[in-house]
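Novice: Please read through the structure below; I'll follow up with questions.
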Amino acid sequence: MRRILAIGGGGFLMEDEPSPIDAQILRLTGKPKPRICFVPTPSGDLPEHIEKFYAAFSSEVCHPSHLSFFRKPSPGSLPLASFREQLLAQDAIYVGGGNTKSALGTWREWGAGEVFVQAYAAGILLAGMSAGAMCWFEAGLTDSYWGAGYQPLSCLGLLPGGCGVHYHSDPERTTRLHAAVAAAAVPPSVAIDDFAAMLFENEVVSKAFAWAPGACAYRVASHGGRAVETEVLECTYIAREG
């Protein structure tokens, strides 16, 4: 089964305490101690993001690693010379947040996008937050063009349609996504709040998760020349452990 978990915002990169969605990723693999690789390309392999990953996904509960295209090898990093084979040996691949456009360009240069396609076809769970959620869709509405506001961006295309993240965290995100969908600048899209996530199985939404009051996930489509927002489905609330 092909699966992608798209997280609108939250998890170890945004929360100061253990997040339910991080634990959910490990559960979704179905493995008692899964192999999970963090791909922080959207942040330029920011060391702070890598440190947060290892703090959240300790070797006590999984076999963590990371793939860095911008930094020298460090403990846990996959060797670039064999990153294809190493990624295809994972149970889950998690892409972090940052600049979606820059990440796509880097992956194109290294051939990583093709490896993600192979991993997806092989049943490896793909996951990600913010840029790491948007990248899996046909298109997204992104602020990766610094200073140019929110702009459409073509993405990897593993999932049909578009994606908006941090949906209700900034009123401009909501307004610009509705305008882009109504104008057909981006295809009909899913829109995911902070502290919410959507699980796709074989390119179809199967579940939605939330771990904060009011967080949810939506579809935004054009009807009669205007954007219409509907809830994807009822979110399953996942509580914090302990």
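In the structure tokens, chains take the letters A, B, ... in the order shown, each chain's residues start at 1, and ligands count up from 1 in the order shown.
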Under the rule of at most 12 Å, produce a per-residue listing of region 115-200 of chain A near region 37-56 of chain A: chain, number, name, the closest pair of atoms, and the distance in Å, as JSON lines, using only C-alpha atoms.

Specialist:
{"residue": "A:Phe116", "atom": "CA", "partner": "A:Val39", "partner_atom": "CA", "distance": 11.0}
{"residue": "A:Ala119", "atom": "CA", "partner": "A:Cys37", "partner_atom": "CA", "distance": 12.0}
{"residue": "A:Ile124", "atom": "CA", "partner": "A:Cys37", "partner_atom": "CA", "distance": 10.9}
{"residue": "A:Leu125", "atom": "CA", "partner": "A:Cys37", "partner_atom": "CA", "distance": 10.6}
{"residue": "A:Leu126", "atom": "CA", "partner": "A:Cys37", "partner_atom": "CA", "distance": 9.9}
{"residue": "A:Ala127", "atom": "CA", "partner": "A:Phe38", "partner_atom": "CA", "distance": 9.5}
{"residue": "A:Gly128", "atom": "CA", "partner": "A:Val39", "partner_atom": "CA", "distance": 9.0}
{"residue": "A:Met129", "atom": "CA", "partner": "A:Pro42", "partner_atom": "CA", "distance": 10.5}
{"residue": "A:Ser130", "atom": "CA", "partner": "A:Pro42", "partner_atom": "CA", "distance": 9.7}
{"residue": "A:Ala131", "atom": "CA", "partner": "A:Pro42", "partner_atom": "CA", "distance": 6.8}
{"residue": "A:Gly132", "atom": "CA", "partner": "A:Pro42", "partner_atom": "CA", "distance": 7.6}
{"residue": "A:Ala133", "atom": "CA", "partner": "A:Pro42", "partner_atom": "CA", "distance": 11.1}
{"residue": "A:Met134", "atom": "CA", "partner": "A:Pro42", "partner_atom": "CA", "distance": 11.1}
{"residue": "A:Cys135", "atom": "CA", "partner": "A:Pro42", "partner_atom": "CA", "distance": 9.8}
{"residue": "A:Ser144", "atom": "CA", "partner": "A:Pro42", "partner_atom": "CA", "distance": 9.7}

Novice: Pull all heavy atoms from the residues just selected and write them as a JSON list (two decimals), in the first residue's frame.

Specialist:
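Contents of the output file again.json:
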[["chain", "number", "residue", "atom", "x", "y", "z"],
["A", 116, "PHE", "N", 12.30, 9.04, -4.17],
["A", 116, "PHE", "CA", 11.06, 9.15, -3.41],
["A", 116, "PHE", "C", 9.92, 8.41, -4.12],
["A", 116, "PHE", "O", 9.10, 7.75, -3.48],
["A", 116, "PHE", "CB", 10.68, 10.62, -3.21],
["A", 116, "PHE", "CG", 11.60, 11.39, -2.31],
["A", 116, "PHE", "CD1", 11.84, 12.73, -2.55],
["A", 116, "PHE", "CD2", 12.25, 10.79, -1.25],
["A", 116, "PHE", "CE1", 12.69, 13.47, -1.74],
["A", 116, "PHE", "CE2", 13.11, 11.52, -0.42],
["A", 116, "PHE", "CZ", 13.32, 12.84, -0.67],
["A", 119, "ALA", "N", 10.44, 4.80, -3.46],
["A", 119, "ALA", "CA", 10.12, 4.48, -2.08],
["A", 119, "ALA", "C", 8.60, 4.42, -1.88],
["A", 119, "ALA", "O", 8.08, 3.53, -1.20],
["A", 119, "ALA", "CB", 10.73, 5.52, -1.15],
["A", 124, "ILE", "N", 7.00, 2.31, 1.37],
["A", 124, "ILE", "CA", 7.64, 3.04, 2.47],
["A", 124, "ILE", "C", 6.77, 4.24, 2.80],
["A", 124, "ILE", "O", 6.34, 4.98, 1.90],
["A", 124, "ILE", "CB", 9.06, 3.48, 2.08],
["A", 124, "ILE", "CG1", 9.94, 2.24, 1.82],
["A", 124, "ILE", "CG2", 9.68, 4.37, 3.15],
["A", 124, "ILE", "CD1", 11.26, 2.56, 1.15],
["A", 125, "LEU", "N", 6.47, 4.45, 4.08],
["A", 125, "LEU", "CA", 5.67, 5.59, 4.50],
["A", 125, "LEU", "C", 6.42, 6.89, 4.23],
["A", 125, "LEU", "O", 7.54, 7.07, 4.72],
["A", 125, "LEU", "CB", 5.33, 5.48, 5.99],
["A", 125, "LEU", "CG", 4.60, 6.69, 6.61],
["A", 125, "LEU", "CD1", 3.20, 6.82, 6.04],
["A", 125, "LEU", "CD2", 4.56, 6.57, 8.13],
["A", 126, "LEU", "N", 5.82, 7.79, 3.47],
["A", 126, "LEU", "CA", 6.37, 9.12, 3.26],
["A", 126, "LEU", "C", 5.60, 10.09, 4.15],
["A", 126, "LEU", "O", 4.37, 10.02, 4.25],
["A", 126, "LEU", "CB", 6.24, 9.55, 1.81],
["A", 126, "LEU", "CG", 6.89, 8.63, 0.76],
["A", 126, "LEU", "CD1", 6.71, 9.22, -0.63],
["A", 126, "LEU", "CD2", 8.37, 8.40, 1.06],
["A", 127, "ALA", "N", 6.32, 10.99, 4.81],
["A", 127, "ALA", "CA", 5.69, 11.94, 5.72],
["A", 127, "ALA", "C", 6.41, 13.26, 5.62],
["A", 127, "ALA", "O", 7.51, 13.36, 5.05],
["A", 127, "ALA", "CB", 5.71, 11.41, 7.15],
["A", 128, "GLY", "N", 5.79, 14.29, 6.17],
["A", 128, "GLY", "CA", 6.46, 15.58, 6.19],
["A", 128, "GLY", "C", 5.55, 16.66, 6.73],
["A", 128, "GLY", "O", 4.32, 16.52, 6.75],
["A", 129, "MET", "N", 6.18, 17.75, 7.17],
["A", 129, "MET", "CA", 5.47, 18.87, 7.77],
["A", 129, "MET", "C", 5.74, 20.14, 6.98],
["A", 129, "MET", "O", 6.87, 20.40, 6.57],
["A", 129, "MET", "CB", 5.95, 19.04, 9.22],
["A", 129, "MET", "CG", 5.14, 20.02, 10.06],
["A", 129, "MET", "SD", 5.61, 21.77, 9.88],
["A", 129, "MET", "CE", 7.26, 21.78, 10.55],
["A", 130, "SER", "N", 4.68, 20.91, 6.71],
["A", 130, "SER", "CA", 4.79, 22.19, 6.00],
["A", 130, "SER", "C", 5.35, 21.94, 4.59],
["A", 130, "SER", "O", 4.70, 21.27, 3.78],
["A", 130, "SER", "CB", 5.66, 23.15, 6.81],
["A", 130, "SER", "OG", 5.63, 24.45, 6.26],
["A", 131, "ALA", "N", 6.55, 22.43, 4.28],
["A", 131, "ALA", "CA", 7.14, 22.14, 2.97],
["A", 131, "ALA", "C", 7.22, 20.65, 2.73],
["A", 131, "ALA", "O", 7.06, 20.17, 1.60],
["A", 131, "ALA", "CB", 8.53, 22.76, 2.88],
["A", 132, "GLY", "N", 7.45, 19.89, 3.80],
["A", 132, "GLY", "CA", 7.55, 18.44, 3.71],
["A", 132, "GLY", "C", 6.23, 17.75, 3.49],
["A", 132, "GLY", "O", 6.19, 16.56, 3.17],
["A", 133, "ALA", "N", 5.12, 18.47, 3.65],
["A", 133, "ALA", "CA", 3.80, 17.96, 3.28],
["A", 133, "ALA", "C", 3.45, 18.37, 1.86],
["A", 133, "ALA", "O", 3.02, 17.57, 1.04],
["A", 133, "ALA", "CB", 2.75, 18.47, 4.26],
["A", 134, "MET", "N", 3.66, 19.65, 1.57],
["A", 134, "MET", "CA", 3.31, 20.21, 0.26],
["A", 134, "MET", "C", 4.05, 19.52, -0.89],
["A", 134, "MET", "O", 3.50, 19.36, -1.98],
["A", 134, "MET", "CB", 3.62, 21.71, 0.27],
["A", 134, "MET", "CG", 3.08, 22.48, -0.91],
["A", 134, "MET", "SD", 3.64, 24.20, -0.85],
["A", 134, "MET", "CE", 3.16, 24.67, 0.81],
["A", 135, "CYS", "N", 5.29, 19.12, -0.64],
["A", 135, "CYS", "CA", 6.14, 18.63, -1.74],
["A", 135, "CYS", "C", 5.57, 17.39, -2.42],
["A", 135, "CYS", "O", 5.89, 17.13, -3.58],
["A", 135, "CYS", "CB", 7.55, 18.34, -1.22],
["A", 135, "CYS", "SG", 7.68, 16.94, -0.07],
["A", 144, "SER", "N", 7.81, 30.35, -0.55],
["A", 144, "SER", "CA", 9.22, 30.07, -0.84],
["A", 144, "SER", "C", 9.88, 31.16, -1.67],
["A", 144, "SER", "O", 11.11, 31.29, -1.68],
["A", 144, "SER", "CB", 9.35, 28.72, -1.58],
["A", 144, "SER", "OG", 8.96, 27.65, -0.74]]

Novice: As a CSV table (one decimal) with N, CA, C and O atoms, in the first residue's frame, which residues of region 25-177 of chain A does DSSP assign to helix (DSSP H, G or I)?

Specialist:
chain,number,residue,atom,x,y,z
A,25,ILE,N,3.5,8.6,13.6
A,25,ILE,CA,4.3,8.2,12.4
A,25,ILE,C,5.0,6.8,12.7
A,25,ILE,O,4.9,5.9,11.8
A,26,LEU,N,5.5,6.6,13.9
A,26,LEU,CA,6.1,5.3,14.2
A,26,LEU,C,5.1,4.2,14.2
A,26,LEU,O,5.4,3.1,13.7
A,27,ARG,N,3.9,4.5,14.7
A,27,ARG,CA,2.9,3.5,14.8
A,27,ARG,C,2.4,3.1,13.4
A,27,ARG,O,2.1,1.9,13.1
A,28,LEU,N,2.4,4.1,12.5
A,28,LEU,CA,1.9,3.8,11.1
A,28,LEU,C,2.8,2.9,10.3
A,28,LEU,O,2.4,2.2,9.4
A,29,THR,N,4.1,2.8,10.7
A,29,THR,CA,5.0,1.9,10.0
A,29,THR,C,4.6,0.4,10.3
A,29,THR,O,5.0,-0.5,9.5
A,41,THR,N,16.2,18.8,3.7
A,41,THR,CA,16.6,19.7,2.6
A,41,THR,C,15.9,21.0,2.6
A,41,THR,O,16.5,22.0,2.3
A,42,PRO,N,14.6,21.1,2.9
A,42,PRO,CA,13.9,22.5,2.8
A,42,PRO,C,14.6,23.5,3.7
A,42,PRO,O,14.4,24.7,3.4
A,43,SER,N,15.2,23.1,4.8
A,43,SER,CA,15.8,24.1,5.7
A,43,SER,C,17.3,24.3,5.4
A,43,SER,O,18.0,24.9,6.1
A,47,PRO,N,21.2,22.5,11.2
A,47,PRO,CA,21.6,21.6,12.3
A,47,PRO,C,20.6,21.5,13.4
A,47,PRO,O,20.4,20.5,14.0
A,48,GLU,N,20.0,22.7,13.7
A,48,GLU,CA,19.0,22.7,14.8
A,48,GLU,C,17.8,21.7,14.5
A,48,GLU,O,17.3,21.1,15.4
A,49,HIS,N,17.4,21.6,13.2
A,49,HIS,CA,16.4,20.7,12.8
A,49,HIS,C,16.8,19.3,13.0
A,49,HIS,O,16.0,18.4,13.4
A,50,ILE,N,18.0,19.0,12.6
A,50,ILE,CA,18.5,17.6,12.7
A,50,ILE,C,18.6,17.2,14.2
A,50,ILE,O,18.3,16.1,14.6
A,51,GLU,N,19.1,18.2,15.0
A,51,GLU,CA,19.1,17.9,16.5
A,51,GLU,C,17.8,17.6,17.1
A,51,GLU,O,17.6,16.7,17.9
A,52,LYS,N,16.8,18.4,16.6
A,52,LYS,CA,15.4,18.2,17.1
A,52,LYS,C,14.9,16.8,16.7
A,52,LYS,O,14.1,16.2,17.4
A,53,PHE,N,15.2,16.4,15.5
A,53,PHE,CA,14.8,15.1,15.0
A,53,PHE,C,15.3,14.0,15.9
A,53,PHE,O,14.5,13.1,16.3
A,54,TYR,N,16.6,14.0,16.2
A,54,TYR,CA,17.2,12.9,17.0
A,54,TYR,C,16.7,13.0,18.4
A,54,TYR,O,16.6,12.0,19.1
A,55,ALA,N,16.3,14.2,18.9
A,55,ALA,CA,15.7,14.3,20.2
A,55,ALA,C,14.3,13.6,20.3
A,55,ALA,O,13.9,13.0,21.3
A,56,ALA,N,13.6,13.8,19.2
A,56,ALA,CA,12.2,13.3,19.1
A,56,ALA,C,12.2,11.8,18.8
A,56,ALA,O,11.3,11.1,19.3
A,80,LEU,N,26.1,9.9,0.9
A,80,LEU,CA,25.5,10.4,-0.4
A,80,LEU,C,25.8,9.4,-1.5
A,80,LEU,O,24.9,9.3,-2.4
A,81,ALA,N,26.9,8.7,-1.5
A,81,ALA,CA,27.2,7.8,-2.6
A,81,ALA,C,26.2,6.7,-2.7
A,81,ALA,O,26.1,6.1,-3.8
A,82,SER,N,25.5,6.4,-1.6
A,82,SER,CA,24.6,5.2,-1.7
A,82,SER,C,23.2,5.6,-1.1
A,82,SER,O,22.5,4.8,-0.5
A,83,PHE,N,22.9,6.9,-1.2
A,83,PHE,CA,21.6,7.3,-0.5
A,83,PHE,C,20.4,6.6,-1.1
A,83,PHE,O,19.4,6.4,-0.4
A,84,ARG,N,20.4,6.3,-2.4
A,84,ARG,CA,19.3,5.6,-3.0
A,84,ARG,C,19.0,4.3,-2.3
A,84,ARG,O,17.9,4.1,-1.8
A,85,GLU,N,20.0,3.5,-2.2
A,85,GLU,CA,19.8,2.2,-1.5
A,85,GLU,C,19.4,2.3,0.0
A,85,GLU,O,18.6,1.6,0.5
A,86,GLN,N,20.0,3.3,0.6
A,86,GLN,CA,19.8,3.6,2.0
A,86,GLN,C,18.3,4.0,2.2
A,86,GLN,O,17.6,3.6,3.2
A,87,LEU,N,17.8,4.9,1.4
A,87,LEU,CA,16.5,5.4,1.5
A,87,LEU,C,15.5,4.3,1.3
A,87,LEU,O,14.4,4.2,2.0
A,100,THR,N,10.2,25.1,0.0
A,100,THR,CA,9.8,24.0,-0.8
A,100,THR,C,10.5,24.1,-2.2
A,100,THR,O,11.0,23.1,-2.7
A,101,LYS,N,10.6,25.3,-2.8
A,101,LYS,CA,11.2,25.5,-4.1
A,101,LYS,C,12.6,25.1,-4.1
A,101,LYS,O,13.1,24.4,-5.0
A,102,SER,N,13.4,25.5,-3.1
A,102,SER,CA,14.8,25.2,-3.0
A,102,SER,C,15.0,23.7,-2.9
A,102,SER,O,15.9,23.1,-3.4
A,103,ALA,N,14.1,23.0,-2.0
A,103,ALA,CA,14.2,21.6,-1.8
A,103,ALA,C,14.0,20.8,-3.1
A,103,ALA,O,14.8,19.9,-3.5
A,104,LEU,N,13.0,21.2,-3.9
A,104,LEU,CA,12.7,20.6,-5.2
A,104,LEU,C,13.8,20.7,-6.1
A,104,LEU,O,14.2,19.7,-6.9
A,105,GLY,N,14.5,21.9,-6.2
A,105,GLY,CA,15.6,22.0,-7.1
A,105,GLY,C,16.8,21.2,-6.7
A,105,GLY,O,17.5,20.6,-7.5
A,106,THR,N,17.0,21.1,-5.4
A,106,THR,CA,18.1,20.2,-4.9
A,106,THR,C,17.9,18.8,-5.2
A,106,THR,O,18.8,18.0,-5.7
A,107,TRP,N,16.7,18.3,-4.9
A,107,TRP,CA,16.3,16.9,-5.2
A,107,TRP,C,16.4,16.6,-6.7
A,107,TRP,O,16.9,15.5,-7.1
A,108,ARG,N,16.0,17.6,-7.5
A,108,ARG,CA,16.1,17.4,-9.0
A,108,ARG,C,17.6,17.2,-9.4
A,108,ARG,O,17.9,16.3,-10.2
A,109,GLU,N,18.5,18.0,-8.8
A,109,GLU,CA,19.9,17.9,-9.2
A,109,GLU,C,20.5,16.5,-8.8
A,109,GLU,O,21.3,16.0,-9.5
A,110,TRP,N,20.1,16.0,-7.6
A,110,TRP,CA,20.6,14.8,-7.1
A,110,TRP,C,19.9,13.5,-7.5
A,110,TRP,O,20.3,12.4,-7.2
A,112,ALA,N,17.0,12.8,-6.2
A,112,ALA,CA,16.3,12.3,-5.1
A,112,ALA,C,14.8,12.1,-5.3
A,112,ALA,O,14.1,11.2,-4.7
A,113,GLY,N,14.2,13.0,-6.1
A,113,GLY,CA,12.8,12.9,-6.4
A,113,GLY,C,12.4,11.5,-7.0
A,113,GLY,O,11.4,10.9,-6.6
A,114,GLU,N,13.3,11.0,-7.9
A,114,GLU,CA,13.0,9.7,-8.4
A,114,GLU,C,13.1,8.6,-7.4
A,114,GLU,O,12.3,7.6,-7.4
A,115,VAL,N,14.0,8.8,-6.4
A,115,VAL,CA,14.1,7.8,-5.3
A,115,VAL,C,12.8,7.9,-4.4
A,115,VAL,O,12.3,6.8,-4.0
A,116,PHE,N,12.3,9.0,-4.2
A,116,PHE,CA,11.1,9.2,-3.4
A,116,PHE,C,9.9,8.4,-4.1
A,116,PHE,O,9.1,7.8,-3.5
A,117,VAL,N,9.9,8.5,-5.4
A,117,VAL,CA,8.8,7.8,-6.2
A,117,VAL,C,9.0,6.3,-6.0
A,117,VAL,O,8.0,5.6,-5.8
A,118,GLN,N,10.2,5.8,-6.1
A,118,GLN,CA,10.5,4.4,-5.9
A,118,GLN,C,10.1,4.0,-4.4
A,118,GLN,O,9.5,2.9,-4.2
A,119,ALA,N,10.4,4.8,-3.5
A,119,ALA,CA,10.1,4.5,-2.1
A,119,ALA,C,8.6,4.4,-1.9
A,119,ALA,O,8.1,3.5,-1.2
A,120,TYR,N,7.9,5.4,-2.5
A,120,TYR,CA,6.4,5.4,-2.4
A,120,TYR,C,5.8,4.1,-3.0
A,120,TYR,O,5.0,3.5,-2.4
A,121,ALA,N,6.3,3.7,-4.2
A,121,ALA,CA,5.8,2.5,-4.8
A,121,ALA,C,6.1,1.3,-4.0
A,121,ALA,O,5.4,0.3,-4.1
A,131,ALA,N,6.5,22.4,4.3
A,131,ALA,CA,7.1,22.1,3.0
A,131,ALA,C,7.2,20.6,2.7
A,131,ALA,O,7.1,20.2,1.6
A,132,GLY,N,7.4,19.9,3.8
A,132,GLY,CA,7.6,18.4,3.7
A,132,GLY,C,6.2,17.7,3.5
A,132,GLY,O,6.2,16.6,3.2
A,133,ALA,N,5.1,18.5,3.6
A,133,ALA,CA,3.8,18.0,3.3
A,133,ALA,C,3.4,18.4,1.9
A,133,ALA,O,3.0,17.6,1.0
A,134,MET,N,3.7,19.7,1.6
A,134,MET,CA,3.3,20.2,0.3
A,134,MET,C,4.0,19.5,-0.9
A,134,MET,O,3.5,19.4,-2.0
A,171,PRO,N,-4.3,34.7,8.2
A,171,PRO,CA,-5.5,34.9,7.3
A,171,PRO,C,-5.1,35.0,5.8
A,171,PRO,O,-5.9,34.7,5.0
A,172,GLU,N,-3.9,35.5,5.5
A,172,GLU,CA,-3.5,35.7,4.1
A,172,GLU,C,-3.4,34.3,3.4
A,172,GLU,O,-3.7,34.2,2.2
A,173,ARG,N,-2.9,33.3,4.2
A,173,ARG,CA,-2.8,32.0,3.6
A,173,ARG,C,-4.2,31.5,3.1
A,173,ARG,O,-4.3,31.0,2.0
A,174,THR,N,-5.2,31.7,3.9
A,174,THR,CA,-6.6,31.3,3.6
A,174,THR,C,-7.1,32.1,2.4
A,174,THR,O,-7.6,31.5,1.4
A,175,THR,N,-6.9,33.4,2.4
A,175,THR,CA,-7.4,34.2,1.3
A,175,THR,C,-6.7,33.9,0.0
A,175,THR,O,-7.3,33.8,-1.0
A,176,ARG,N,-5.4,33.8,0.1
A,176,ARG,CA,-4.6,33.6,-1.2
A,176,ARG,C,-4.9,32.2,-1.8
A,176,ARG,O,-4.9,32.0,-3.0
A,177,LEU,N,-5.1,31.2,-0.9
A,177,LEU,CA,-5.4,29.8,-1.4
A,177,LEU,C,-6.7,29.8,-2.1
A,177,LEU,O,-6.9,29.3,-3.2

Novice: Identify which of the residues A:Asp22, A:Glu17, A:Leu153, A:Leu158 lies closest to Glu203 (chain A), counting only C-alpha atoms when measuring atom-to-atom distances.

Specialist: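 Comparing A:Asp22, A:Glu17, A:Leu153, A:Leu158 against Glu203 (chain A), the winner is A:Leu158.
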
Novice: What parts of region 120-177 of chain A does DSSP call strand (DSSP E or B)? I'd like the answer as a PyMOL selection string.

Specialist: chain A and resi 125-129+137-142+151-154+159-164

Novice: Which one of A:Cys216, A:Cys235, A:Val204, A:Val95 sits closest to Phe12 (chain A) if you count only C-alpha atoms?

Specialist: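 Nearest candidate to Phe12 (chain A) out of A:Cys216, A:Cys235, A:Val204, A:Val95: A:Val95.
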
Novice: For CA of Val190 (chain A) and CA of Trp211 (chain A), determine how far apart the two atoms are, in Å to one decimal place.

Specialist: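 Value for the CA of Val190 (chain A)-CA of Trp211 (chain A) distance: 18.2 Å.
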
Novice: What's the 8 Å shell around Ala208 (chain A), counting only C-alpha atoms, without same-chain residues fewer than 4 positions away, as a PyMOL selection string?

Specialist: chain A and resi 196-199+216-217+232-236

Novice: Can you spit out the residues from that selection as a PDB file, in the first residue's frame, using N, CA, C and O atoms?

Specialist:
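Once written, result.pdb looks like this:
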ATOM      1  N   ALA A 196      -2.686  19.450  12.698  1.00  0.00           N
ATOM      2  CA  ALA A 196      -3.564  18.519  11.990  1.00  0.00           C
ATOM      3  C   ALA A 196      -2.767  17.841  10.887  1.00  0.00           C
ATOM      4  O   ALA A 196      -1.737  18.362  10.434  1.00  0.00           O
ATOM      5  N   ALA A 197      -3.235  16.680  10.471  1.00  0.00           N
ATOM      6  CA  ALA A 197      -2.534  15.913   9.435  1.00  0.00           C
ATOM      7  C   ALA A 197      -3.540  15.071   8.680  1.00  0.00           C
ATOM      8  O   ALA A 197      -4.619  14.753   9.188  1.00  0.00           O
ATOM      9  N   MET A 198      -3.156  14.708   7.456  1.00  0.00           N
ATOM     10  CA  MET A 198      -3.995  13.854   6.624  1.00  0.00           C
ATOM     11  C   MET A 198      -3.189  12.651   6.165  1.00  0.00           C
ATOM     12  O   MET A 198      -2.049  12.797   5.713  1.00  0.00           O
ATOM     13  N   LEU A 199      -3.786  11.481   6.266  1.00  0.00           N
ATOM     14  CA  LEU A 199      -3.156  10.253   5.790  1.00  0.00           C
ATOM     15  C   LEU A 199      -3.798   9.844   4.469  1.00  0.00           C
ATOM     16  O   LEU A 199      -5.016   9.668   4.379  1.00  0.00           O
ATOM     17  N   CYS A 216      -8.069  21.187  12.036  1.00  0.00           N
ATOM     18  CA  CYS A 216      -8.794  20.313  11.112  1.00  0.00           C
ATOM     19  C   CYS A 216      -8.130  20.375   9.734  1.00  0.00           C
ATOM     20  O   CYS A 216      -7.141  21.071   9.522  1.00  0.00           O
ATOM     21  N   ALA A 217      -8.680  19.616   8.809  1.00  0.00           N
ATOM     22  CA  ALA A 217      -8.201  19.588   7.426  1.00  0.00           C
ATOM     23  C   ALA A 217      -9.396  19.760   6.503  1.00  0.00           C
ATOM     24  O   ALA A 217     -10.503  19.309   6.801  1.00  0.00           O
ATOM     25  N   VAL A 232     -12.592  17.781   5.188  1.00  0.00           N
ATOM     26  CA  VAL A 232     -12.270  16.530   4.498  1.00  0.00           C
ATOM     27  C   VAL A 232     -13.071  15.392   5.101  1.00  0.00           C
ATOM     28  O   VAL A 232     -13.768  14.659   4.432  1.00  0.00           O
ATOM     29  N   LEU A 233     -12.956  15.220   6.378  1.00  0.00           N
ATOM     30  CA  LEU A 233     -13.701  14.235   7.153  1.00  0.00           C
ATOM     31  C   LEU A 233     -13.416  14.536   8.611  1.00  0.00           C
ATOM     32  O   LEU A 233     -12.567  15.368   8.934  1.00  0.00           O
ATOM     33  N   GLU A 234     -14.130  13.902   9.492  1.00  0.00           N
ATOM     34  CA  GLU A 234     -13.934  14.171  10.914  1.00  0.00           C
ATOM     35  C   GLU A 234     -12.525  13.759  11.344  1.00  0.00           C
ATOM     36  O   GLU A 234     -12.073  12.660  11.033  1.00  0.00           O
ATOM     37  N   CYS A 235     -11.844  14.657  12.040  1.00  0.00           N
ATOM     38  CA  CYS A 235     -10.482  14.366  12.480  1.00  0.00           C
ATOM     39  C   CYS A 235     -10.498  13.450  13.699  1.00  0.00           C
ATOM     40  O   CYS A 235     -11.281  13.653  14.628  1.00  0.00           O
ATOM     41  N   THR A 236      -9.643  12.460  13.686  1.00  0.00           N
ATOM     42  CA  THR A 236      -9.424  11.619  14.853  1.00  0.00           C
ATOM     43  C   THR A 236      -8.484  12.357  15.795  1.00  0.00           C
ATOM     44  O   THR A 236      -7.390  12.756  15.405  1.00  0.00           O
TER      45      THR A 236
END

Novice: Can you tell me how far CA of Tyr218 (chain A) sits from CA of Gln151 (chain A), in Å to one decimal?

Specialist: 19.5 Å

Novice: In terms of the shortest atom-to-atom distance over only C-alpha atoms, which of A:Thr230, A:Ser169, A:Thr142, A:Ser222 is closest to Gly10 (chain A)?

Specialist: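 Once distances to Gly10 (chain A) are computed over only C-alpha atoms, the minimum belongs to A:Ser169.
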
Novice: Quick one: of A:Ala180, A:Ala139, A:Val186, A:Ile238, who's nearest to Lys207 (chain A), counting only C-alpha atoms?

Specialist: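 Counting only C-alpha atoms, the residue closest to Lys207 (chain A) is A:Ile238.
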
Novice: For Leu78 (chain A), which of A:Glu15, A:Gly162, A:Ile36, A:Gly111 is the closest residue, counting only C-alpha atoms?

Specialist: A:Ile36

Novice: For CA of Ala122 (chain A) and CA of Ser189 (chain A), determine how far apart the two atoms are, in Å to one decimal place.

Specialist: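 We find that CA of Ala122 (chain A) and CA of Ser189 (chain A) lie 25.7 Å from each other.
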